[in-house]
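A short write-up of the structure that comes next.
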Amino acid sequence: MNAPDPGRPEDGAASLRRALHATAGELAPPPYPAERVRRLGRRRVRARRAVVAVPAAAAVLAAVAVGLPQWSGGEGPSAAGAAADKAPGTRVTPSLAPAQPPVPSARPWPAVRTVRAGEPVEIGRGQELTLSEDQVCHRDTTEPGGGVEDACKSVSDGNQAAGSVSIQSSGTLLRPLYIGPGRASRMTVEVDGEVHRAQVLTLEGNPGYAVGYAWGAGVSFDGPTPKVRVSDAEGGLLAEFP
């Protein structure tokens with residue numbers, strides 16, 4: 001800027017320029033923030049890359065979902081998967097497998113019935129069993145004259161070994177008898193391939209025996225040999241016949 005001519009009056013514009021120049025000459029510009037500018041630039045580049053990568057990843061997932069075969073319940077390709085094969089590029093929503101029905105629980109065993117000694121126990125069809133400390137008796141109350149009592153089976157005469165089971169039959173009534181240690185809780189009688197679960201009767205305490213009854217095919221000497229199994233409450237085998 002030219003110095004003012006002392007012989008020439010100074011106009012307003014020139015005076016203002018001279019004042020501004022004198023003021024600006026005393027100011028020093030701050031250093032250029034190069035590192036901060038580079039840091040902001042890198043941050044913006046990363047943000048732009050992330051925005052581009054998200055749609056690309058979504059496109060890849062969509063392509064995989066269309067390309068995978070669809071299955072329903074493990075029985076083979078579903079109808080939706082077949083439709084996708086016929087129309088390439090069509091997105092298919094996988095169908096849920098049909099709900100499986102609950103597995104039915106095992107049929108519970110009849111609970112052991114504890115009776116009093118000498119008490120007639122009705123077992124159905126007009127039949128009765130009576131237990132005592134030394135024998136088991138059966139009565140058919142449908143017979144005239146108040147019923148006919150079968151010969152009683154002793155549980156203490158030693159004719160049946162301890163730890164064994166026998167079987168008696170009266171018509172369609174099957175009566176397994178177990179003598180021995182342990183607590184008999186389950187009895188089955190199999191006749192000609194059909195298995196019957198017997199209701200178990202016993203006395204209080206430890207009588208040393210238990211008797212059961214079930215209704216099924218009668219047992220005869222010339223018929224099939226019945227199979228009898230006696231177990232405790234945990235399923236442990238106590239005796240079997242034959």
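Residue numbers start at 1 in each chain; chains themselves are named A, B, ... in the order of the structure tokens; ligands are numbered from 1 in the order shown.
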Name the residues in contact with stretch 207-213 of chain A at a cut-off of 9 Å, using only C-alpha atoms, excluding same-chain residues fewer than 2 positions from it; report them as a ChimeraX atom specification. /A:123,131-134,136,155,162,173-188,197-205,215
Distance query A:Glu128 at most 10 Å, only C-alpha atoms, self and fewer than 4 positions along chain excluded, as a list in words: Glu119, Pro120, Val121, Glu122, Ile123, Gly124, Cys137, His138, Arg139, Asp140, Thr141, Gly147 and Glu149 of chain A
Quick check, in Å to one decimal: how far apart do atom CA of A:Gly118 and atom CA of A:Gly235 lie? 29.5 Å
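Atom CA of A:Val189 is positioned 16.5 Å from atom CA of A:Pro108.
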